[in-house]
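Below: work-v9.cif (mmCIF, C-alpha atoms)
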```cif
data_coords
loop_
_atom_site.label_atom_id
_atom_site.label_comp_id
_atom_site.auth_asym_id
_atom_site.auth_seq_id
_atom_site.Cartn_x
_atom_site.Cartn_y
_atom_site.Cartn_z
CA MET K 1 -24.25 21.99 -28.05
CA SER K 2 -22.34 25.12 -27.02
CA SER K 3 -18.99 25.02 -25.27
CA ILE K 4 -20.67 26.38 -22.15
CA GLU K 5 -23.21 23.57 -22.04
CA GLN K 6 -20.51 21.02 -22.82
CA ASN K 7 -18.31 22.27 -19.98
CA GLY K 8 -21.14 22.11 -17.46
CA HIS K 9 -22.03 18.65 -18.79
CA LYS K 10 -18.43 17.45 -18.28
CA GLY K 11 -18.57 18.43 -14.58
CA GLY K 12 -21.76 16.41 -14.12
CA LEU K 13 -20.34 13.49 -16.08
CA ILE K 14 -17.20 13.44 -13.93
CA GLU K 15 -19.38 13.35 -10.82
CA ALA K 16 -21.33 10.41 -12.24
CA LEU K 17 -18.15 8.54 -13.22
CA VAL K 18 -16.65 8.97 -9.76
CA LEU K 19 -19.86 7.80 -8.07
CA VAL K 20 -19.83 4.69 -10.26
CA LEU K 21 -16.19 4.01 -9.32
CA MET K 22 -17.00 4.47 -5.63
CA GLY K 23 -19.89 2.05 -5.94
CA ILE K 24 -17.77 -0.56 -7.71
CA GLY K 25 -14.98 -0.07 -5.18
CA THR K 26 -17.28 -0.48 -2.20
CA LEU K 27 -18.82 -3.59 -3.74
CA PHE K 28 -15.50 -5.29 -4.43
CA VAL K 29 -13.79 -4.28 -1.21
CA PHE K 30 -16.82 -5.77 0.51
CA SER K 31 -16.40 -8.92 -1.59
CA ALA K 32 -12.63 -9.14 -1.13
CA GLY K 33 -12.89 -8.29 2.57
CA ALA K 34 -15.45 -10.99 3.28
CA ASN K 35 -12.77 -13.59 4.00
CA ILE K 36 -11.08 -11.18 6.41
CA SER K 37 -14.27 -10.29 8.25
CA ILE K 38 -15.09 -13.84 9.33
CA ASP K 39 -11.85 -13.96 11.31
CA TYR K 40 -12.80 -11.00 13.54
CA ASP K 41 -14.92 -11.02 16.64
CA LEU K 42 -17.87 -8.64 16.90
CA GLU K 43 -16.04 -6.53 19.47
CA HIS K 44 -13.68 -5.33 16.72
CA PHE K 45 -16.33 -5.02 14.00
CA TYR K 46 -14.96 -1.71 12.73
CA ASP K 47 -11.70 -3.38 11.71
CA PHE K 48 -13.52 -5.03 8.82
CA ALA K 49 -12.14 -3.54 5.62
CA SER K 50 -15.49 -4.13 3.93
CA LEU K 51 -17.53 -2.40 6.63
CA LYS K 52 -15.15 0.55 6.71
CA GLN K 53 -15.58 1.04 2.99
CA VAL K 54 -19.37 0.90 3.27
CA LEU K 55 -19.27 3.58 5.99
CA PHE K 56 -16.85 5.82 4.10
CA PHE K 57 -18.81 5.63 0.82
CA PRO K 58 -21.68 7.98 1.81
CA LEU K 59 -19.23 10.21 3.67
CA ALA K 60 -17.11 10.53 0.52
CA VAL K 61 -20.21 11.39 -1.52
CA LEU K 62 -21.03 14.14 0.99
CA VAL K 63 -17.45 15.47 0.86
CA LEU K 64 -17.55 15.51 -2.95
CA TYR K 65 -20.82 17.46 -2.91
CA LEU K 66 -19.63 20.01 -0.34
CA CYS K 67 -16.30 20.61 -2.09
CA SER K 68 -18.06 21.06 -5.42
CA ARG K 69 -19.79 24.08 -3.86
CA LEU K 70 -16.55 25.69 -2.65
CA ASP K 71 -15.06 28.57 -4.64
CA TYR K 72 -11.80 27.06 -5.92
CA GLU K 73 -10.31 30.54 -6.49
CA LYS K 74 -10.07 31.03 -2.72
CA PHE K 75 -7.38 28.32 -2.65
CA GLY K 76 -5.10 30.38 -4.88
CA PHE K 77 -2.51 32.95 -3.87
CA GLU K 78 -4.14 35.55 -6.12
CA VAL K 79 -7.00 36.07 -3.66
CA SER K 80 -4.83 36.10 -0.51
CA SER K 81 -1.09 36.36 0.08
CA PRO K 82 0.81 33.07 0.55
CA ALA K 83 1.46 33.89 4.22
CA LYS K 84 -2.28 34.15 4.92
CA SER K 85 -3.51 31.49 2.53
CA PHE K 86 -5.39 28.41 3.69
CA LEU K 87 -3.06 26.31 1.52
CA THR K 88 0.01 27.49 3.42
CA TYR K 89 -1.53 26.44 6.73
CA LEU K 90 -2.60 23.14 5.19
CA LEU K 91 0.96 22.51 3.98
CA ILE K 92 2.33 23.27 7.45
CA LEU K 93 -0.25 20.89 8.98
CA ALA K 94 0.70 18.15 6.51
CA ILE K 95 4.40 18.55 7.33
CA VAL K 96 3.73 18.45 11.08
CA LEU K 97 1.65 15.27 10.68
CA LEU K 98 4.40 13.67 8.56
CA ILE K 99 6.90 14.42 11.33
CA LEU K 100 4.56 12.95 13.98
CA VAL K 101 4.28 9.74 11.96
CA LEU K 102 8.04 9.25 12.29
CA VAL K 103 7.93 9.55 16.09
CA PRO K 104 7.97 6.10 17.77
CA GLY K 105 4.89 5.61 19.89
CA ILE K 106 2.86 8.09 17.84
CA GLY K 107 3.15 6.80 14.29
CA VAL K 108 1.48 3.44 13.69
CA GLN K 109 3.59 0.77 12.00
CA LYS K 110 1.96 -1.72 9.61
CA HIS K 111 3.68 -4.14 7.26
CA GLY K 112 7.07 -2.82 8.36
CA ALA K 113 6.32 0.83 7.52
CA ARG K 114 5.23 3.69 9.78
CA ARG K 115 2.65 5.62 7.73
CA TRP K 116 -0.44 6.08 9.89
CA LEU K 117 -1.71 8.03 12.89
CA ASP K 118 -4.41 6.70 15.20
CA ILE K 119 -7.17 9.28 15.43
CA CYS K 120 -9.66 7.03 17.21
CA PRO K 121 -7.93 4.02 18.81
CA GLY K 122 -9.75 1.34 20.72
CA PRO K 123 -12.63 -0.92 19.68
CA VAL K 124 -13.67 1.65 17.05
CA TYR K 125 -10.33 1.82 15.26
CA VAL K 126 -9.79 4.70 12.82
CA SER K 127 -6.41 5.68 11.40
CA PHE K 128 -5.27 8.51 9.16
CA GLN K 129 -2.53 8.47 6.51
CA PRO K 130 -0.78 11.89 6.43
CA SER K 131 1.09 11.11 3.19
CA GLU K 132 -2.25 11.16 1.34
CA LEU K 133 -3.00 14.63 2.72
CA ALA K 134 0.54 15.73 1.83
CA LYS K 135 0.18 14.45 -1.74
CA TRP K 136 -3.00 16.39 -2.43
CA THR K 137 -1.70 19.47 -0.60
CA VAL K 138 1.34 19.48 -2.89
CA VAL K 139 -0.96 19.42 -5.95
CA PHE K 140 -2.96 22.44 -4.74
CA PHE K 141 0.11 24.27 -3.45
CA LEU K 142 2.04 23.79 -6.71
CA ALA K 143 -0.86 25.13 -8.77
CA ALA K 144 -1.11 28.20 -6.54
CA ILE K 145 2.60 29.02 -6.28
CA VAL K 146 3.34 28.44 -9.98
CA VAL K 147 0.66 30.98 -10.87
CA ARG K 148 1.90 33.36 -8.17
CA LEU K 149 5.48 33.12 -9.48
CA SER K 150 4.53 33.08 -13.16
CA ASP K 151 7.02 35.89 -13.87
CA THR K 152 9.94 33.91 -12.40
CA ILE K 153 8.94 30.31 -13.19
CA LYS K 154 11.45 30.19 -16.04
CA LEU K 155 14.29 31.33 -13.76
CA TYR K 156 16.34 28.55 -12.22
CA TRP K 157 16.99 29.63 -8.61
CA LYS K 158 14.17 32.10 -7.98
CA GLY K 159 11.61 30.03 -9.82
CA PHE K 160 12.26 26.33 -10.39
CA ILE K 161 14.46 25.52 -7.36
CA PHE K 162 12.46 27.71 -4.97
CA ILE K 163 9.20 25.98 -5.92
CA CYS K 164 10.80 22.52 -5.69
CA LEU K 165 11.82 23.15 -2.06
CA PHE K 166 8.26 22.63 -0.81
CA PRO K 167 7.46 19.25 -2.39
CA GLY K 168 11.11 18.31 -1.75
CA LEU K 169 10.59 18.71 2.00
CA VAL K 170 7.46 16.57 1.85
CA VAL K 171 9.27 13.86 -0.13
CA ALA K 172 12.19 13.87 2.34
CA LEU K 173 9.77 13.15 5.20
CA ILE K 174 7.93 10.39 3.32
CA VAL K 175 10.61 8.54 1.36
CA THR K 176 11.91 6.26 4.12
CA GLN K 177 8.46 4.95 5.04
CA ASP K 178 6.49 5.33 1.79
CA PHE K 179 8.74 5.11 -1.25
CA GLY K 180 5.88 4.75 -3.74
CA THR K 181 4.10 7.94 -2.65
CA SER K 182 7.36 9.92 -2.52
CA ALA K 183 8.30 8.85 -6.07
CA PHE K 184 4.77 9.69 -7.18
CA ILE K 185 5.02 13.21 -5.71
CA VAL K 186 8.34 13.78 -7.51
CA LEU K 187 6.80 12.71 -10.83
CA LEU K 188 3.73 14.85 -10.22
CA THR K 189 5.86 17.88 -9.31
CA PHE K 190 7.89 17.68 -12.51
CA LEU K 191 4.77 17.27 -14.67
CA MET K 192 2.95 20.19 -13.05
CA LEU K 193 6.01 22.44 -13.36
CA LEU K 194 6.31 21.53 -17.04
CA ILE K 195 2.64 22.35 -17.58
CA GLY K 196 3.15 25.55 -15.57
CA GLY K 197 5.86 26.77 -17.94
CA ALA K 198 9.19 25.69 -16.40
CA HIS K 199 12.07 24.97 -18.79
CA TRP K 200 12.52 21.24 -19.35
CA TRP K 201 16.31 21.47 -19.01
CA HIS K 202 15.94 22.70 -15.42
CA PHE K 203 14.91 19.16 -14.53
CA LEU K 204 18.30 17.78 -15.59
CA THR K 205 20.10 19.32 -12.59
CA PRO K 206 18.15 17.67 -9.73
CA LEU K 207 17.89 14.32 -11.53
CA PRO K 208 21.25 12.90 -10.29
CA LEU K 209 20.51 13.90 -6.69
CA THR K 210 16.99 12.50 -6.92
CA ALA K 211 18.29 9.26 -8.43
CA VAL K 212 20.90 8.86 -5.66
CA ALA K 213 18.29 9.53 -2.95
CA PHE K 214 15.88 6.99 -4.42
CA TYR K 215 18.67 4.44 -4.90
CA ALA K 216 19.61 4.81 -1.23
CA ALA K 217 15.95 4.41 -0.22
CA ILE K 218 15.66 1.24 -2.32
CA VAL K 219 18.85 -0.51 -1.17
CA SER K 220 18.10 0.31 2.47
CA SER K 221 14.95 -1.83 2.29
CA PRO K 222 15.17 -5.57 1.46
CA THR K 223 11.48 -5.50 0.50
CA ARG K 224 12.06 -2.82 -2.14
CA VAL K 225 15.14 -4.62 -3.47
CA ASN K 226 13.14 -7.85 -3.86
CA ARG K 227 10.36 -5.99 -5.67
CA ILE K 228 12.84 -4.56 -8.18
CA LYS K 229 14.54 -7.94 -8.65
CA SER K 230 11.24 -9.73 -9.25
CA PHE K 231 10.23 -7.10 -11.79
CA ILE K 232 13.53 -7.29 -13.70
CA ASN K 233 13.72 -11.09 -13.60
CA PRO K 234 10.39 -12.71 -14.60
CA ALA K 235 11.61 -16.07 -13.27
CA ALA K 236 11.84 -14.55 -9.80
CA ILE K 237 8.40 -12.93 -9.95
CA SER K 238 7.07 -12.21 -6.47
CA TYR K 239 4.26 -14.16 -4.86
CA GLN K 240 1.98 -11.10 -4.94
CA ALA K 241 2.53 -10.51 -8.65
CA ARG K 242 2.12 -14.19 -9.53
CA GLN K 243 -1.15 -14.50 -7.65
CA SER K 244 -2.40 -11.26 -9.21
CA LEU K 245 -1.74 -12.63 -12.70
CA ILE K 246 -3.49 -15.89 -11.80
CA ALA K 247 -6.55 -13.98 -10.58
CA ILE K 248 -6.68 -11.85 -13.74
CA SER K 249 -6.10 -14.75 -16.15
CA THR K 250 -8.64 -17.09 -14.57
CA GLY K 251 -11.41 -14.51 -14.89
CA GLY K 252 -11.79 -15.10 -18.62
CA ILE K 253 -14.06 -12.82 -20.63
CA TRP K 254 -17.04 -12.53 -18.27
CA GLY K 255 -15.48 -13.59 -14.96
CA LYS K 256 -16.47 -16.12 -12.32
CA GLY K 257 -19.32 -14.01 -11.02
CA LEU K 258 -19.65 -11.42 -8.29
CA GLY K 259 -18.46 -12.86 -4.98
CA LYS K 260 -17.46 -16.17 -6.57
CA GLY K 261 -13.74 -15.50 -6.93
CA ILE K 262 -11.39 -17.72 -4.93
CA CYS K 263 -8.13 -15.76 -5.11
CA LYS K 264 -9.35 -13.37 -2.41
CA TYR K 265 -9.29 -16.20 0.13
CA GLY K 266 -5.70 -15.61 1.15
CA HIS K 267 -4.20 -16.17 -2.30
CA VAL K 268 -3.82 -12.51 -3.36
CA PRO K 269 -2.17 -10.39 -0.64
CA GLU K 270 -3.58 -6.86 -0.18
CA ASP K 271 -6.65 -7.85 -2.18
CA THR K 272 -8.66 -4.90 -0.84
CA THR K 273 -5.97 -2.30 -1.55
CA ASP K 274 -3.04 -2.71 -3.96
CA PHE K 275 -4.52 -5.64 -5.89
CA VAL K 276 -8.26 -4.98 -5.83
CA PHE K 277 -8.12 -4.68 -9.64
CA ALA K 278 -7.08 -8.34 -9.81
CA ILE K 279 -10.17 -9.32 -7.80
CA ILE K 280 -12.36 -7.27 -10.15
CA ALA K 281 -10.79 -8.99 -13.17
CA GLU K 282 -11.30 -12.44 -11.62
CA GLU K 283 -14.96 -11.94 -10.74
CA LEU K 284 -16.06 -9.76 -13.69
CA GLY K 285 -13.50 -10.95 -16.23
CA PHE K 286 -11.98 -8.96 -19.06
CA ALA K 287 -15.30 -7.16 -19.58
CA GLY K 288 -15.39 -5.82 -16.02
CA ALA K 289 -11.71 -4.88 -16.01
CA ALA K 290 -12.11 -3.10 -19.37
CA LEU K 291 -15.14 -1.24 -18.00
CA VAL K 292 -13.11 0.07 -15.05
CA ILE K 293 -10.31 1.20 -17.36
CA ALA K 294 -12.86 2.82 -19.71
CA ILE K 295 -14.35 4.78 -16.80
CA PHE K 296 -10.93 6.14 -15.86
CA ILE K 297 -10.23 7.05 -19.50
CA ALA K 298 -13.59 8.86 -19.69
CA PHE K 299 -12.69 10.70 -16.47
CA VAL K 300 -9.38 11.85 -17.97
CA VAL K 301 -11.00 12.98 -21.23
CA CYS K 302 -13.69 14.97 -19.40
CA GLY K 303 -11.07 16.42 -17.05
CA MET K 304 -8.82 17.52 -19.91
CA ILE K 305 -11.77 19.23 -21.62
CA ILE K 306 -12.34 21.20 -18.42
CA VAL K 307 -8.63 22.11 -18.34
CA ILE K 308 -8.68 23.32 -21.95
CA ARG K 309 -11.80 25.43 -21.50
CA CYS K 310 -10.90 27.00 -18.17
CA ARG K 311 -9.75 30.61 -18.65
CA ASN K 312 -8.40 31.08 -15.13
CA ARG K 313 -4.72 30.07 -15.05
CA PHE K 314 -4.87 28.78 -11.47
CA GLY K 315 -8.04 26.82 -12.21
CA ARG K 316 -6.51 25.36 -15.35
CA LEU K 317 -3.32 24.21 -13.60
CA LEU K 318 -5.20 22.93 -10.55
CA ALA K 319 -7.62 20.96 -12.74
CA ALA K 320 -4.68 19.48 -14.65
CA GLY K 321 -3.03 18.49 -11.37
CA ILE K 322 -6.17 16.79 -10.06
CA VAL K 323 -6.74 14.87 -13.30
CA LEU K 324 -3.06 13.87 -13.50
CA THR K 325 -3.07 12.62 -9.91
CA ILE K 326 -6.13 10.41 -10.40
CA ALA K 327 -5.00 9.19 -13.83
CA LEU K 328 -1.41 8.38 -12.84
CA GLN K 329 -2.50 6.55 -9.68
CA ALA K 330 -4.95 4.45 -11.69
CA ALA K 331 -2.37 3.68 -14.38
CA ILE K 332 0.30 2.72 -11.83
CA ASN K 333 -2.01 0.56 -9.72
CA ILE K 334 -3.41 -1.30 -12.73
CA GLY K 335 0.12 -1.63 -14.15
CA VAL K 336 1.27 -3.21 -10.88
CA ALA K 337 -1.68 -5.63 -10.84
CA MET K 338 -0.81 -6.70 -14.40
CA VAL K 339 2.92 -6.91 -13.50
CA VAL K 340 3.81 -4.21 -16.01
CA LEU K 341 5.28 -2.17 -13.13
CA PRO K 342 6.99 -3.17 -9.86
CA THR K 343 4.84 -3.16 -6.73
CA LYS K 344 4.60 0.39 -5.36
CA GLY K 345 1.71 0.49 -2.90
CA ILE K 346 -0.20 3.17 -4.85
CA PRO K 347 -3.98 2.81 -4.29
CA LEU K 348 -6.51 2.58 -7.12
CA PRO K 349 -8.54 5.81 -6.72
CA PHE K 350 -12.07 5.26 -5.36
CA LEU K 351 -11.67 1.47 -5.64
CA SER K 352 -8.97 0.49 -3.13
CA ALA K 353 -9.89 0.26 0.54
CA GLY K 354 -8.80 3.25 2.57
CA GLY K 355 -10.86 6.06 4.03
CA THR K 356 -8.12 8.69 3.83
CA SER K 357 -7.55 8.12 0.12
CA MET K 358 -11.26 7.99 -0.74
CA LEU K 359 -12.23 11.12 1.21
CA LEU K 360 -9.34 13.26 -0.05
CA SER K 361 -9.75 12.08 -3.64
CA ALA K 362 -13.47 12.87 -3.41
CA ALA K 363 -12.64 16.34 -2.08
CA ALA K 364 -10.22 16.96 -4.96
CA VAL K 365 -12.76 15.83 -7.57
CA GLY K 366 -15.33 18.08 -5.89
CA VAL K 367 -12.98 21.02 -6.49
CA LEU K 368 -12.56 19.89 -10.11
CA ILE K 369 -16.34 19.94 -10.54
CA ASN K 370 -16.41 23.45 -9.05
CA ILE K 371 -13.81 24.55 -11.60
CA ALA K 372 -16.13 23.29 -14.34
CA LYS K 373 -19.08 25.15 -12.82
CA GLN K 374 -17.10 28.37 -12.35
CA THR K 375 -15.85 28.18 -15.94
CA ASP K 376 -19.44 27.71 -17.07
CA ARG K 377 -20.61 30.81 -15.18
CA GLN K 378 -17.67 32.93 -16.37
CA ASN K 379 -18.26 31.97 -19.99
CA LYS K 380 -21.90 33.05 -19.70
CA ILE K 381 -20.87 36.62 -18.87
CA PRO K 382 -21.03 38.69 -22.08
CA GLY K 383 -17.62 39.91 -23.21
CA SER K 384 -15.74 37.69 -20.74
#
```

Would you mind giving the structure from this file in structure tokens?
Amino acid sequence: MSSIEQNGHKGGLIEALVLVLMGIGTLFVFSAGANISIDYDLEHFYDFASLKQVLFFPLAVLVLYLCSRLDYEKFGFEVSSPAKSFLTYLLILAIVLLILVLVPGIGVQKHGARRWLDICPGPVYVSFQPSELAKWTVVFFLAAIVVRLSDTIKLYWKGFIFICLFPGLVVALIVTQDFGTSAFIVLLTFLMLLIGGAHWWHFLTPLPLTAVAFYAAIVSSPTRVNRIKSFINPAAISYQARQSLIAISTGGIWGKGLGKGICKYGHVPEDTTDFVFAIIAEELGFAGAALVIAIFIAFVVCGMIIVIRCRNRFGRLLAAGIVLTIALQAAINIGVAMVVLPTKGIPLPFLSAGGTSMLLSAAAVGVLINIAKQTDRQNKIPGS
């Protein structure tokens, strides 16, 4: 099989893998959300986590398809100047929405954190999480600006620091309300800059300031302090982590059977979001959990092949950013469920409940598929 055929095949395989993950996610959010749904009256039917996921599934498939037909090169700063680029306006929109979230009376507070905006309040309740939009906007923006400033990326002030200002502003707006996402954006920024050609020693300068800022964010929140303490001291393991381990360990090799798990009945908090992997492990056992991990590994392998074969520098860096974002989120979420990492509130891509995360992740993967298709077409041109 030629490299051209292989590249096109990888785009189709990624699409299939993501659709399988979406299907599994919808199934298990429906299963885990069943105990929640029975407590609601029919007047508030749309509050059901399970029903929301069922409704967002076909919408996410449509978004993935539409974005796979977009020309990814139009997102870059090589086609249009940064001042006129769609990405610049999207970054401004994301920042404005992050500011609105912090305004009392506008931002919606859940579980002690203000992270959401109501876009359709009332009986049909729909909320939007701007930090998810900001995260993906940073990925696209970094890929575009690193390529645009490729001549100065190795310079400290004009390259590294200048580029860091944009994700830095996003992190500053998020960190007090969503520590996990802000830390994730910092990690993602450093990795993408390294891939983009920045000197590794440039990262040493902002590390102390970043560490101080994160330390202040942690100590200012008793919840975050308790999470760190429970992670460091196994004897003081949190209730969430303990119940997650119980759910995973009781699943055995083949699990208790679909819908037959008991830990979702109030035993595992956030069983449709942060700890949905534990519910999967309980009901499908080690085999089901291993299958989910294998699908993510296959996604990463296919994504990296697309990155390696893409000749366009913007496409290559953007594809790497998309694959890294999905892979790191999956690794962190699964690590939290297995108590390898402290609780962070990072969703499991395509599996955790949440319309904002599913739709934006589907859009990003759609762009990744388009990169594969564009690379395929470019490689078919003789002499290219």

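Here CA of Leu70 (chain K) stands at a distance of 28.6 Å from CA of Gly168 (chain K).
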
Region 178-182 of chain K surroundings by all atoms listed in the file, 10 Å radius, close-in-sequence under 6 positions cut, as a PyMOL selection string: chain K and resi 113-115+131-132+134-135+167-168+170-172+188+214+217-218+221+224+329+343-347

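You can rank K:Val276, K:Ile95, K:Ala216, K:Cys263 by their closest distance to Ala247 (chain K) using only C-alpha atoms, and at the top of that list sits K:Cys263.
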
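For the pair CA of Met338 (chain K) and CA of Phe275 (chain K), the interatomic distance is 9.3 Å.
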
Just the number, please: distance in Å from CA of Val225 (chain K) to CA of Val186 (chain K), one decimal. 20.0 Å

Could you expand the PyMOL selection byres ((chain K and resi 368) around 8) into the explicit residues it covers here, written as a PyMOL selection string? chain K and resi 11+68+303+318-319+322+364-367+369-372

List as CSV every residue of region 74-146 of chain K that is in contact with region 153-165 of chain K, defined as an atom at most 10 Å from one of its atoms (using only C-alpha atoms), together with the nearest atom pair and the distance in Å rounded to one decimal, sorted by chain and then rising number.
```
residue,atom,partner,partner_atom,distance
K:Phe141,CA,K:Ile163,CA,9.6
K:Leu142,CA,K:Ile163,CA,7.5
K:Ile145,CA,K:Ile163,CA,7.3
K:Val146,CA,K:Ile153,CA,6.7
```

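Distances to Val301 (chain K) were evaluated for K:Ala362, K:Leu207, K:Ala94, K:Leu17 using all atoms listed in the file, and the minimum falls at K:Leu17.
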
Run the PyMOL selection byres ((chain K and resi 354) around 12) on the file and write out the hits as a PyMOL selection string. chain K and resi 22+25-26+29+47-57+60+116+126-129+132+270+272-274+276+346-353+355-361

Name every residue that the PyMOL selection byres ((chain K and resi 280) around 9) selects in this structure, writing the answer as an MDAnalysis selection string with chains first and numbers rising. chainID K and resid 24 28 247:248 251 255 258 261 276:279 281:285 288:289 292

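Among K:Phe299, K:Phe314, K:Phe184, K:Phe140, the residue with the shortest atom-to-atom distance to Leu328 (chain K), counting all atoms listed in the file, is K:Phe184.
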
Please return as a ChimeraX atom specification every residue within 12 Å of (-10.2, 26.8, -20.9), taking into account only C-alpha atoms and the file's own coordinates. /K:3-4,6-7,303-317,319-320,371-372,374-376,378-379

Could you please take those selected residues and save C-alpha atoms as a PDB file, keeping the file's coordinate frame?
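File written: result_29.pdb
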```pdb
ATOM      1  CA  SER K   3     -18.990  25.020 -25.270  1.00  0.00           C
ATOM      2  CA  ILE K   4     -20.670  26.380 -22.150  1.00  0.00           C
ATOM      3  CA  GLN K   6     -20.510  21.020 -22.820  1.00  0.00           C
ATOM      4  CA  ASN K   7     -18.310  22.270 -19.980  1.00  0.00           C
ATOM      5  CA  GLY K 303     -11.070  16.420 -17.050  1.00  0.00           C
ATOM      6  CA  MET K 304      -8.820  17.520 -19.910  1.00  0.00           C
ATOM      7  CA  ILE K 305     -11.770  19.230 -21.620  1.00  0.00           C
ATOM      8  CA  ILE K 306     -12.340  21.200 -18.420  1.00  0.00           C
ATOM      9  CA  VAL K 307      -8.630  22.110 -18.340  1.00  0.00           C
ATOM     10  CA  ILE K 308      -8.680  23.320 -21.950  1.00  0.00           C
ATOM     11  CA  ARG K 309     -11.800  25.430 -21.500  1.00  0.00           C
ATOM     12  CA  CYS K 310     -10.900  27.000 -18.170  1.00  0.00           C
ATOM     13  CA  ARG K 311      -9.750  30.610 -18.650  1.00  0.00           C
ATOM     14  CA  ASN K 312      -8.400  31.080 -15.130  1.00  0.00           C
ATOM     15  CA  ARG K 313      -4.720  30.070 -15.050  1.00  0.00           C
ATOM     16  CA  PHE K 314      -4.870  28.780 -11.470  1.00  0.00           C
ATOM     17  CA  GLY K 315      -8.040  26.820 -12.210  1.00  0.00           C
ATOM     18  CA  ARG K 316      -6.510  25.360 -15.350  1.00  0.00           C
ATOM     19  CA  LEU K 317      -3.320  24.210 -13.600  1.00  0.00           C
ATOM     20  CA  ALA K 319      -7.620  20.960 -12.740  1.00  0.00           C
ATOM     21  CA  ALA K 320      -4.680  19.480 -14.650  1.00  0.00           C
ATOM     22  CA  ILE K 371     -13.810  24.550 -11.600  1.00  0.00           C
ATOM     23  CA  ALA K 372     -16.130  23.290 -14.340  1.00  0.00           C
ATOM     24  CA  GLN K 374     -17.100  28.370 -12.350  1.00  0.00           C
ATOM     25  CA  THR K 375     -15.850  28.180 -15.940  1.00  0.00           C
ATOM     26  CA  ASP K 376     -19.440  27.710 -17.070  1.00  0.00           C
ATOM     27  CA  GLN K 378     -17.670  32.930 -16.370  1.00  0.00           C
ATOM     28  CA  ASN K 379     -18.260  31.970 -19.990  1.00  0.00           C
TER      29      ASN K 379
END
```

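Among the candidates K:Ile246, K:Val336, K:Ile297, K:Ile185, the residue lying nearest to Leu169 (chain K) is K:Ile185 (atoms considered: only C-alpha atoms).
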